[in-house]
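Here is input12.cif, consisting of mmCIF, C-alpha atoms and all ligand atoms:
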data_protein
loop_
_atom_site.label_atom_id
_atom_site.label_comp_id
_atom_site.auth_asym_id
_atom_site.auth_seq_id
_atom_site.Cartn_x
_atom_site.Cartn_y
_atom_site.Cartn_z
CA MET A 1 -10.69 -40.46 -60.39
CA SER A 2 -10.44 -41.77 -56.84
CA TYR A 3 -11.95 -39.76 -54.02
CA ARG A 4 -8.49 -39.43 -52.46
CA ASP A 5 -7.16 -37.66 -55.56
CA LEU A 6 -10.08 -35.23 -56.02
CA PRO A 7 -8.81 -31.74 -55.14
CA LYS A 8 -10.42 -30.57 -51.89
CA VAL A 9 -10.87 -27.43 -49.80
CA GLU A 10 -11.21 -27.77 -46.02
CA LEU A 11 -12.43 -24.81 -43.96
CA HIS A 12 -12.83 -26.32 -40.47
CA LEU A 13 -9.78 -28.04 -38.99
CA HIS A 14 -8.45 -27.49 -35.47
CA LEU A 15 -4.66 -27.57 -35.70
CA GLU A 16 -4.12 -29.43 -32.41
CA GLY A 17 -7.13 -31.61 -33.26
CA GLY A 18 -5.29 -32.77 -36.37
CA ALA A 19 -2.29 -33.99 -34.36
CA PRO A 20 -1.57 -37.67 -35.01
CA PRO A 21 -1.64 -39.46 -31.62
CA SER A 22 1.83 -40.87 -32.35
CA PHE A 23 3.13 -37.30 -32.76
CA ILE A 24 1.69 -36.22 -29.39
CA ALA A 25 2.90 -39.41 -27.67
CA GLY A 26 6.40 -38.92 -29.12
CA LEU A 27 6.57 -35.31 -27.95
CA ALA A 28 5.36 -36.32 -24.47
CA GLN A 29 8.13 -38.91 -24.30
CA GLU A 30 10.76 -36.35 -25.38
CA LYS A 31 9.60 -34.09 -22.53
CA ASN A 32 9.14 -36.82 -19.93
CA MET A 33 5.46 -36.00 -19.59
CA ASP A 34 3.08 -38.84 -18.72
CA ILE A 35 -0.16 -38.44 -20.65
CA SER A 36 -0.58 -42.15 -21.40
CA GLY A 37 -4.16 -42.06 -20.07
CA ILE A 38 -5.40 -40.20 -23.16
CA PHE A 39 -4.55 -43.00 -25.60
CA THR A 40 -6.37 -46.21 -26.50
CA PRO A 41 -4.39 -49.48 -26.64
CA ASP A 42 -4.43 -49.30 -30.46
CA GLY A 43 -2.88 -45.82 -30.46
CA GLY A 44 -5.95 -43.61 -30.90
CA TYR A 45 -7.28 -40.95 -28.53
CA ALA A 46 -9.44 -42.20 -25.63
CA TYR A 47 -12.46 -40.27 -24.34
CA ARG A 48 -16.01 -40.97 -23.22
CA ASP A 49 -18.10 -38.10 -24.56
CA PHE A 50 -17.89 -34.54 -25.89
CA LEU A 51 -16.88 -32.82 -22.63
CA HIS A 52 -14.28 -35.49 -21.97
CA PHE A 53 -13.09 -35.04 -25.58
CA LEU A 54 -12.48 -31.34 -24.84
CA GLU A 55 -10.45 -32.34 -21.75
CA VAL A 56 -8.40 -34.92 -23.64
CA TYR A 57 -7.84 -32.37 -26.42
CA GLU A 58 -6.42 -29.93 -23.87
CA THR A 59 -4.23 -32.62 -22.29
CA ALA A 60 -2.83 -33.57 -25.71
CA THR A 61 -2.24 -29.88 -26.40
CA SER A 62 -0.36 -29.46 -23.09
CA VAL A 63 2.71 -31.18 -24.61
CA LEU A 64 2.95 -28.44 -27.26
CA THR A 65 4.95 -25.85 -25.34
CA THR A 66 7.21 -24.08 -27.85
CA PRO A 67 6.97 -22.47 -31.30
CA GLU A 68 9.19 -25.31 -32.61
CA ASP A 69 6.58 -27.85 -31.38
CA TYR A 70 3.94 -25.98 -33.38
CA ARG A 71 6.19 -25.89 -36.44
CA ARG A 72 6.50 -29.67 -36.31
CA LEU A 73 2.78 -30.09 -35.57
CA THR A 74 1.79 -27.95 -38.54
CA LEU A 75 3.98 -30.00 -40.89
CA ALA A 76 2.54 -33.27 -39.53
CA VAL A 77 -1.05 -32.05 -39.95
CA LEU A 78 -0.53 -30.61 -43.43
CA GLU A 79 1.14 -33.82 -44.55
CA GLN A 80 -2.06 -35.73 -43.65
CA SER A 81 -4.27 -33.16 -45.39
CA ALA A 82 -2.18 -33.11 -48.55
CA ALA A 83 -2.20 -36.94 -48.64
CA ASN A 84 -6.00 -36.69 -48.84
CA GLY A 85 -6.04 -34.30 -51.78
CA VAL A 86 -6.59 -31.09 -49.80
CA VAL A 87 -5.15 -28.16 -51.79
CA TYR A 88 -6.34 -25.39 -49.46
CA THR A 89 -7.03 -25.54 -45.73
CA GLU A 90 -8.07 -23.05 -43.09
CA SER A 91 -6.98 -24.10 -39.66
CA PHE A 92 -8.03 -22.91 -36.21
CA ILE A 93 -5.11 -21.75 -34.09
CA SER A 94 -5.39 -20.46 -30.55
CA PRO A 95 -3.31 -17.88 -28.68
CA ASP A 96 -4.65 -19.61 -25.55
CA PHE A 97 -2.42 -22.59 -26.36
CA CYS A 98 0.27 -20.60 -28.20
CA GLY A 99 1.91 -18.29 -25.68
CA GLY A 100 -0.97 -17.77 -23.23
CA ARG A 101 -2.44 -14.80 -25.14
CA ASP A 102 0.70 -12.69 -24.81
CA VAL A 103 1.01 -10.79 -28.11
CA ALA A 104 4.82 -11.04 -28.36
CA ALA A 105 4.81 -14.78 -27.61
CA TRP A 106 1.90 -15.30 -29.99
CA ARG A 107 3.91 -13.64 -32.79
CA ASP A 108 6.69 -16.23 -32.28
CA TYR A 109 4.25 -19.16 -32.43
CA LEU A 110 2.52 -17.69 -35.48
CA ALA A 111 5.87 -17.21 -37.26
CA ALA A 112 6.74 -20.87 -36.63
CA ILE A 113 3.34 -22.06 -37.92
CA ARG A 114 3.69 -19.89 -41.02
CA ASP A 115 7.19 -21.17 -41.60
CA ALA A 116 5.83 -24.73 -41.64
CA ALA A 117 2.92 -23.69 -43.88
CA ASP A 118 5.38 -22.17 -46.38
CA GLU A 119 7.47 -25.34 -46.34
CA ALA A 120 4.36 -27.51 -46.88
CA GLU A 121 3.28 -25.29 -49.77
CA ARG A 122 6.68 -25.65 -51.42
CA LYS A 123 7.00 -29.40 -50.84
CA MET A 124 3.39 -30.65 -50.93
CA GLY A 125 1.49 -27.99 -52.86
CA ILE A 126 -1.02 -27.34 -50.05
CA THR A 127 -1.97 -23.76 -49.11
CA MET A 128 -2.88 -22.97 -45.50
CA ARG A 129 -4.44 -19.91 -43.89
CA GLY A 130 -5.03 -19.32 -40.17
CA ILE A 131 -8.15 -18.52 -38.17
CA VAL A 132 -7.54 -17.36 -34.62
CA THR A 133 -9.98 -19.09 -32.33
CA CYS A 134 -11.09 -18.21 -28.84
CA ILE A 135 -12.43 -20.94 -26.57
CA ARG A 136 -15.96 -20.40 -25.32
CA HIS A 137 -15.56 -22.17 -21.97
CA PHE A 138 -12.48 -20.04 -21.19
CA GLY A 139 -14.86 -17.04 -21.00
CA PRO A 140 -15.22 -13.56 -22.56
CA GLU A 141 -12.20 -11.95 -20.87
CA ARG A 142 -9.77 -14.43 -22.40
CA ALA A 143 -11.63 -14.12 -25.70
CA ARG A 144 -10.98 -10.39 -25.61
CA GLU A 145 -7.22 -10.95 -25.18
CA THR A 146 -7.33 -13.56 -27.96
CA ALA A 147 -9.03 -11.08 -30.29
CA ILE A 148 -6.29 -8.54 -29.58
CA CYS A 149 -3.66 -11.14 -30.59
CA ALA A 150 -5.68 -11.77 -33.76
CA ALA A 151 -6.11 -8.07 -34.59
CA GLU A 152 -2.38 -7.40 -34.05
CA THR A 153 -1.43 -10.12 -36.55
CA ALA A 154 -4.30 -9.92 -39.06
CA GLY A 155 -3.24 -9.89 -42.69
CA ASP A 156 -2.86 -11.95 -45.81
CA TRP A 157 -2.13 -15.17 -43.86
CA LEU A 158 -4.10 -14.72 -40.65
CA THR A 159 -7.50 -14.27 -42.24
CA GLY A 160 -10.23 -15.17 -39.75
CA PHE A 161 -11.50 -15.17 -36.20
CA GLY A 162 -13.70 -17.81 -34.61
CA MET A 163 -14.87 -19.48 -31.42
CA ALA A 164 -14.76 -23.17 -30.48
CA GLY A 165 -15.26 -24.96 -27.16
CA ASP A 166 -18.28 -25.86 -25.06
CA GLU A 167 -21.36 -24.35 -26.67
CA ALA A 168 -23.34 -24.78 -23.44
CA GLN A 169 -21.20 -22.13 -21.66
CA GLY A 170 -22.11 -18.44 -21.80
CA LYS A 171 -24.01 -16.59 -24.53
CA PRO A 172 -22.67 -15.44 -27.91
CA ALA A 173 -23.47 -11.82 -26.95
CA ASP A 174 -20.90 -12.09 -24.12
CA PHE A 175 -18.25 -12.37 -26.83
CA ALA A 176 -19.42 -9.46 -29.02
CA TRP A 177 -16.48 -7.21 -28.08
CA ALA A 178 -13.96 -9.83 -29.21
CA PHE A 179 -15.77 -10.43 -32.50
CA ASP A 180 -16.17 -6.71 -33.21
CA CYS A 181 -12.45 -6.19 -32.56
CA ALA A 182 -11.58 -8.99 -35.01
CA ARG A 183 -14.04 -7.76 -37.63
CA GLU A 184 -12.62 -4.22 -37.44
CA ALA A 185 -9.18 -5.73 -38.10
CA GLY A 186 -10.58 -7.13 -41.36
CA LEU A 187 -10.88 -10.76 -40.26
CA GLY A 188 -13.56 -13.13 -41.58
CA ILE A 189 -15.92 -14.34 -38.88
CA THR A 190 -16.94 -17.90 -38.06
CA VAL A 191 -18.40 -19.33 -34.85
CA HIS A 192 -19.14 -22.86 -33.63
CA ALA A 193 -22.89 -23.10 -33.00
CA GLY A 194 -25.59 -25.70 -33.48
CA GLU A 195 -23.31 -28.67 -32.92
CA TRP A 196 -24.83 -29.53 -29.52
CA GLY A 197 -27.02 -26.49 -28.88
CA GLY A 198 -30.39 -26.34 -30.65
CA PRO A 199 -31.49 -23.93 -33.38
CA GLU A 200 -31.78 -21.14 -30.80
CA SER A 201 -28.03 -21.42 -30.23
CA VAL A 202 -27.43 -20.85 -33.96
CA LYS A 203 -29.91 -17.95 -34.02
CA ASP A 204 -28.21 -16.32 -30.99
CA ALA A 205 -24.80 -16.63 -32.66
CA ILE A 206 -26.09 -15.05 -35.89
CA ASP A 207 -27.87 -12.20 -34.11
CA ALA A 208 -25.00 -11.38 -31.72
CA LEU A 209 -21.94 -12.01 -33.89
CA ASN A 210 -23.05 -11.69 -37.54
CA PRO A 211 -20.81 -14.51 -38.82
CA ALA A 212 -20.09 -15.19 -42.49
CA ARG A 213 -19.76 -18.87 -41.62
CA ILE A 214 -20.93 -21.18 -38.84
CA GLY A 215 -18.96 -24.14 -37.52
CA HIS A 216 -21.36 -27.10 -37.69
CA GLY A 217 -24.73 -25.29 -37.60
CA VAL A 218 -26.49 -28.58 -38.29
CA GLN A 219 -29.04 -28.18 -35.47
CA ALA A 220 -30.55 -25.29 -37.45
CA TRP A 221 -32.30 -28.04 -39.41
CA HIS A 222 -34.97 -28.22 -36.67
CA ASP A 223 -36.19 -24.66 -37.43
CA PRO A 224 -37.39 -24.12 -41.02
CA ALA A 225 -37.46 -20.31 -40.64
CA LEU A 226 -33.86 -20.35 -39.49
CA VAL A 227 -32.82 -22.60 -42.39
CA GLU A 228 -34.48 -20.10 -44.73
CA GLU A 229 -32.65 -17.19 -43.03
CA ILE A 230 -29.26 -18.95 -43.31
CA ALA A 231 -29.87 -19.68 -47.01
CA ARG A 232 -31.10 -16.13 -47.71
CA LYS A 233 -28.15 -14.48 -45.93
CA GLY A 234 -25.69 -16.82 -47.64
CA ILE A 235 -24.19 -17.93 -44.32
CA VAL A 236 -21.95 -20.90 -45.06
CA LEU A 237 -22.05 -23.98 -42.85
CA GLU A 238 -18.77 -25.77 -42.09
CA VAL A 239 -20.31 -29.21 -41.74
CA CYS A 240 -18.28 -32.05 -40.20
CA PRO A 241 -20.39 -35.18 -40.67
CA GLY A 242 -17.84 -37.73 -39.41
CA SER A 243 -17.23 -35.66 -36.27
CA ASN A 244 -20.98 -35.40 -35.58
CA VAL A 245 -21.55 -39.14 -35.95
CA PHE A 246 -18.44 -40.15 -33.98
CA LEU A 247 -19.33 -37.84 -31.07
CA GLY A 248 -22.93 -39.05 -31.10
CA VAL A 249 -24.73 -35.90 -32.25
CA TYR A 250 -26.39 -38.31 -34.73
CA LYS A 251 -26.71 -42.01 -34.09
CA HIS A 252 -26.59 -43.09 -37.72
CA ARG A 253 -24.89 -41.57 -40.74
CA HIS A 254 -28.16 -41.40 -42.66
CA ASP A 255 -29.70 -39.29 -39.84
CA HIS A 256 -27.24 -36.49 -40.66
CA PRO A 257 -29.06 -33.43 -42.14
CA ILE A 258 -26.31 -32.35 -44.58
CA GLU A 259 -28.26 -33.51 -47.63
CA LYS A 260 -31.53 -31.90 -46.46
CA LEU A 261 -29.73 -28.63 -45.69
CA ARG A 262 -28.13 -28.64 -49.14
CA GLU A 263 -31.50 -29.32 -50.79
CA SER A 264 -32.95 -26.36 -48.84
CA GLY A 265 -30.48 -24.01 -50.53
CA VAL A 266 -28.01 -23.70 -47.65
CA ALA A 267 -24.35 -23.37 -48.67
CA VAL A 268 -22.74 -26.42 -47.07
CA THR A 269 -19.07 -27.33 -47.02
CA VAL A 270 -17.43 -30.49 -45.63
CA SER A 271 -14.56 -30.71 -43.14
CA THR A 272 -13.04 -33.16 -40.66
CA ASP A 273 -12.88 -30.98 -37.47
CA ASP A 274 -10.30 -33.09 -35.54
CA PRO A 275 -9.58 -36.04 -37.86
CA PRO A 276 -7.56 -38.47 -35.69
CA PHE A 277 -9.90 -37.92 -32.74
CA PHE A 278 -12.83 -39.01 -34.92
CA ARG A 279 -10.92 -41.59 -36.95
CA THR A 280 -11.64 -39.77 -40.16
CA ASP A 281 -9.99 -37.83 -42.99
CA MET A 282 -11.31 -35.93 -46.02
CA THR A 283 -11.23 -39.02 -48.23
CA SER A 284 -13.36 -40.97 -45.72
CA GLU A 285 -15.83 -38.06 -45.52
CA TYR A 286 -16.25 -38.13 -49.30
CA GLN A 287 -16.61 -41.91 -49.34
CA MET A 288 -19.30 -41.72 -46.64
CA LEU A 289 -21.23 -38.98 -48.50
CA ASN A 290 -21.10 -41.09 -51.64
CA ARG A 291 -22.30 -44.25 -49.87
CA VAL A 292 -25.02 -42.65 -47.75
CA PHE A 293 -26.31 -39.83 -49.96
CA GLY A 294 -25.05 -40.83 -53.41
CA TRP A 295 -22.88 -37.74 -53.92
CA ASP A 296 -20.69 -38.15 -57.00
CA GLU A 297 -17.69 -36.42 -58.56
CA ASP A 298 -19.79 -33.52 -59.87
CA ASP A 299 -21.22 -32.94 -56.37
CA PHE A 300 -17.74 -32.98 -54.85
CA ARG A 301 -16.37 -30.56 -57.43
CA ALA A 302 -19.27 -28.18 -56.74
CA LEU A 303 -18.71 -28.63 -52.99
CA ALA A 304 -15.04 -27.69 -53.27
CA GLN A 305 -15.92 -24.61 -55.36
CA GLU A 306 -18.48 -23.61 -52.70
CA ALA A 307 -15.78 -23.91 -50.04
CA ALA A 308 -13.29 -21.91 -52.11
CA ALA A 309 -15.91 -19.18 -52.55
CA ALA A 310 -16.34 -19.05 -48.75
CA ALA A 311 -12.62 -19.09 -47.90
CA PHE A 312 -11.31 -16.07 -45.98
CA CYS A 313 -8.23 -15.70 -48.21
CA ASP A 314 -7.50 -12.80 -50.58
CA GLU A 315 -8.83 -12.82 -54.14
CA PRO A 316 -5.59 -13.79 -55.97
CA THR A 317 -5.29 -16.84 -53.68
CA ARG A 318 -8.96 -17.74 -54.23
CA ALA A 319 -8.55 -17.51 -58.02
CA ARG A 320 -5.45 -19.74 -57.89
CA ILE A 321 -7.24 -22.34 -55.72
CA ARG A 322 -10.36 -22.32 -57.90
CA LYS A 323 -8.20 -23.15 -60.91
CA LEU A 324 -6.72 -26.13 -59.08
CA LEU A 325 -10.26 -27.46 -58.48
CA GLU A 326 -11.14 -27.60 -62.16
CA PRO A 327 -10.98 -30.97 -63.90
CA ALA A 328 -7.80 -31.45 -65.93
CA GLU A 329 -8.38 -30.87 -69.69
N1 LIG B 1 -12.66 -27.88 -30.40
C1 LIG B 1 -12.14 -28.86 -31.15
N2 LIG B 1 -13.13 -29.57 -31.73
C2 LIG B 1 -14.30 -29.01 -31.34
C3 LIG B 1 -15.67 -29.29 -31.59
N3 LIG B 1 -16.06 -30.30 -32.39
N4 LIG B 1 -16.59 -28.53 -31.00
C4 LIG B 1 -16.21 -27.53 -30.18
N5 LIG B 1 -14.96 -27.22 -29.91
C5 LIG B 1 -13.99 -27.95 -30.49
ZN ZN B 2 -14.69 -27.55 -34.66
#

Mind turning this structure into structure tokens?
Ligand code: ADE
Ligand code: ZN
Amino acid sequence: MSYRDLPKVELHLHLEGGAPPSFIAGLAQEKNMDISGIFTPDGGYAYRDFLHFLEVYETATSVLTTPEDYRRLTLAVLEQSAANGVVYTESFISPDFCGGRDVAAWRDYLAAIRDAADEAERKMGITMRGIVTCIRHFGPERARETAICAAETAGDWLTGFGMAGDEAQGKPADFAWAFDCAREAGLGITVHAGEWGGPESVKDAIDALNPARIGHGVQAWHDPALVEEIARKGIVLEVCPGSNVFLGVYKHRHDHPIEKLRESGVAVTVSTDDPPFFRTDMTSEYQMLNRVFGWDEDDFRALAQEAAAAAFCDEPTRARIRKLLEPAE
């Protein structure tokens, strides 16, 4: 079976970060907005480093101004995921970008995203769930408003709460109110940490926010006691190897600690983060893991089951997805 066809589960995908550059460029043209500076001559996204990436991400996102734009975006992103064998995806969506954290406006954006997710499920057989995400460099006050949007719409589709953005800004404890609010609403908790910050950044996030999952988390590798704690607590890492190498967290693919973390008993999963920004997709991630670490079909089937076990969906959905991951008789 080809790696493209293997059924996959992706837990860490930023919805705007999955936007094909041609989609964003087309929308900008429709709206007479000039954002040509964010594209490379060959039609990719252009940025110098991680902080510039965050800026370019926000510029690309600035053309998405209506629920209908998000409906079209969601379909475009899910089409890419489904074409790479993804059967279940959890995507980060942000009230910051969808209605400016106004609960009524957020409901309209969420309805449009869900409408597209339902259409994709019917037509492409891919299931999506949403994780509301606050943005760390926007600060704790905005995170609080974001958490209220999440709590107001928590349910069988909106299943998680997380935090992305610049890990160097603020402390996880500053965001405890927002995470407690989301947790009380029944949402699963994930937080970006240990992408750029060291192991202490991961430790701070665990101590302050008690996440079930960590976005990236790879820098934990430098602290054996922390690796042991993550394994013992069963905290799942949403590892994005292609993103880490493209952004320069690791110079070479073989420097990436995913294999060592897995061997240490940490539950690792694999995702793309922002695939067109990093010129990757789930098939390429699998091909890289096969080439660099020798992972084979059995490893990938176990990996997908691990991800399904860590998904924030309800149990009937999990059982249905796990069945789809089994080899055909
Ligand atoms: N937002 C989108 N992609 C991100 C990443 N890799 N790290 C932090 N915030 C992000
Ligand atoms: Zn991310």

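A straight line drawn from atom CA of A:Leu187 to atom CA of A:Ile235 is 15.7 Å long.
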
(message) Which residues are close to A:Glu79, i.e. within 12 Å by all atoms listed in the file, leaving aside same-chain residues fewer than 5 positions away? Reply as a ChimeraX atom specification.
(response) /A:18-20,72-74,84-87,89,116-117,119-121,123-128,281

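With distances taken over all atoms listed in the file, A:Thr190 is the one residue among A:Thr190, A:Thr317, A:Asn290, A:Ser201 lying closest to ligand ZN 2 (chain B).
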
(request) With only C-alpha atoms and all ligand atoms counted, collect every polymer residue having an atom within 12 Å of ligand ZN 2 (chain B); state the result as an NGL selection string. (result) :A and (10-18 or 50 or 53-54 or 57 or 90-93 or 131 or 133-136 or 162-167 or 190-196 or 214-217 or 237-244 or 247 or 270-275 or 277-278)

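Note that atom CA of A:Lys233 and atom CA of A:Pro316 are 24.7 Å apart.
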
(request) Excluding A:Arg142 and any residue of its chain fewer than 3 positions from it, enumerate the residues within 10 Å of it, using all atoms listed in the file, and give them as number ranges by chain. (result) A: 95-96, 100-101, 134-139, 145-148, 175, 178

(message) Nearest residue to ligand LIG 1 (chain B) out of A:Asp49, A:Asp5, A:Asp42, A:Glu329, using only C-alpha atoms and all ligand atoms?
(response) A:Asp49

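Shortest separation to ligand LIG 1 (chain B) among A:Glu58, A:Glu229, A:Glu306, A:Asp255 occurs at residue A:Glu58, atoms counted being only C-alpha atoms and all ligand atoms.
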
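Here atom CA of A:Arg301 is placed at a distance of 16.3 Å from atom CA of A:Ile258.
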
All residues 8 Å or closer to A:Leu209, all atoms listed in the file, same chain fewer than 4 positions away omitted, as a PDB file with C-alpha atoms, in the frame of the given file:
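Just written: out-v1.pdb:
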ATOM      1  CA  PRO A 172     -22.670 -15.440 -27.910  1.00  0.00           C
ATOM      2  CA  ALA A 173     -23.470 -11.820 -26.950  1.00  0.00           C
ATOM      3  CA  PHE A 175     -18.250 -12.370 -26.830  1.00  0.00           C
ATOM      4  CA  ALA A 176     -19.420  -9.460 -29.020  1.00  0.00           C
ATOM      5  CA  PHE A 179     -15.770 -10.430 -32.500  1.00  0.00           C
ATOM      6  CA  ASP A 180     -16.170  -6.710 -33.210  1.00  0.00           C
ATOM      7  CA  ALA A 205     -24.800 -16.630 -32.660  1.00  0.00           C
TER       8      ALA A 205
END

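By all atoms listed in the file, and with residues fewer than 2 positions from A:Thr153 along its chain excluded, the set lying at most 10 Å from it is Val103, Trp106, Arg107, Leu110, Val132, Ala147, Ile148, Cys149, Ala150, Ala151, Gly155, Asp156, Trp157, Leu158, Thr159 and Ala185 of chain A.
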
Starting from the point (-34.5, -20.4, -37.4), work out which residues of protein, DNA or RNA have an atom no more than 10 Å away when counting only C-alpha atoms; state them as a PDB file with C-alpha atoms, in the coordinates of the input.
ATOM      1  CA  GLY A 198     -30.390 -26.340 -30.650  1.00  0.00           C
ATOM      2  CA  PRO A 199     -31.490 -23.930 -33.380  1.00  0.00           C
ATOM      3  CA  GLU A 200     -31.780 -21.140 -30.800  1.00  0.00           C
ATOM      4  CA  SER A 201     -28.030 -21.420 -30.230  1.00  0.00           C
ATOM      5  CA  VAL A 202     -27.430 -20.850 -33.960  1.00  0.00           C
ATOM      6  CA  LYS A 203     -29.910 -17.950 -34.020  1.00  0.00           C
ATOM      7  CA  ASP A 204     -28.210 -16.320 -30.990  1.00  0.00           C
ATOM      8  CA  GLN A 219     -29.040 -28.180 -35.470  1.00  0.00           C
ATOM      9  CA  ALA A 220     -30.550 -25.290 -37.450  1.00  0.00           C
ATOM     10  CA  TRP A 221     -32.300 -28.040 -39.410  1.00  0.00           C
ATOM     11  CA  HIS A 222     -34.970 -28.220 -36.670  1.00  0.00           C
ATOM     12  CA  ASP A 223     -36.190 -24.660 -37.430  1.00  0.00           C
ATOM     13  CA  PRO A 224     -37.390 -24.120 -41.020  1.00  0.00           C
ATOM     14  CA  ALA A 225     -37.460 -20.310 -40.640  1.00  0.00           C
ATOM     15  CA  LEU A 226     -33.860 -20.350 -39.490  1.00  0.00           C
ATOM     16  CA  VAL A 227     -32.820 -22.600 -42.390  1.00  0.00           C
ATOM     17  CA  GLU A 228     -34.480 -20.100 -44.730  1.00  0.00           C
ATOM     18  CA  GLU A 229     -32.650 -17.190 -43.030  1.00  0.00           C
ATOM     19  CA  ILE A 230     -29.260 -18.950 -43.310  1.00  0.00           C
TER      20      ILE A 230
END

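Nearest to ligand LIG 1 (chain B) of all the residues A:Ala28, A:Ile35, A:Ala309, A:Val249 is A:Val249, counting only C-alpha atoms and all ligand atoms.
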
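Shortest atom-to-atom contact with A:Leu6 among A:Ser94, A:Lys31, A:Glu141, A:Ala83: A:Ala83, counting all atoms listed in the file.
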
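In this comparison, which uses only C-alpha atoms, the residue of A:Glu68, A:Asp207, A:Glu259, A:Asp102 approaching A:Asp115 most closely is A:Glu68.
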
Env of A:Val56: 9 Å cut, atoms = all atoms listed in the file, seq-sep filter 4 positions within chain, self excluded. Answer as a PDB file with C-alpha atoms, in the coordinates of the input.
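around-v6.pdb, freshly written:
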ATOM      1  CA  ILE A  38      -5.400 -40.200 -23.160  1.00  0.00           C
ATOM      2  CA  TYR A  45      -7.280 -40.950 -28.530  1.00  0.00           C
ATOM      3  CA  ALA A  46      -9.440 -42.200 -25.630  1.00  0.00           C
ATOM      4  CA  TYR A  47     -12.460 -40.270 -24.340  1.00  0.00           C
ATOM      5  CA  LEU A  51     -16.880 -32.820 -22.630  1.00  0.00           C
ATOM      6  CA  HIS A  52     -14.280 -35.490 -21.970  1.00  0.00           C
ATOM      7  CA  ALA A  60      -2.830 -33.570 -25.710  1.00  0.00           C
ATOM      8  CA  THR A  61      -2.240 -29.880 -26.400  1.00  0.00           C
TER       9      THR A  61
END

Using 6 Å of padding on each side, determine the axis-aligned box around all atoms of stretch 279-288 of chain A present in the file and give its centre and edge lengths in Å to one decimal, as JSON.
{"center_x": -14.6, "center_y": -38.9, "center_z": -43.1, "size_x": 21.3, "size_y": 18.0, "size_z": 24.4}

(message) Tell me which residues come within 9 Å of (-15.6, -45.5, -54.9), as an NGL selection string, counting only C-alpha atoms in the file's coordinates.
(response) :A and (1-3 or 287 or 290-291)
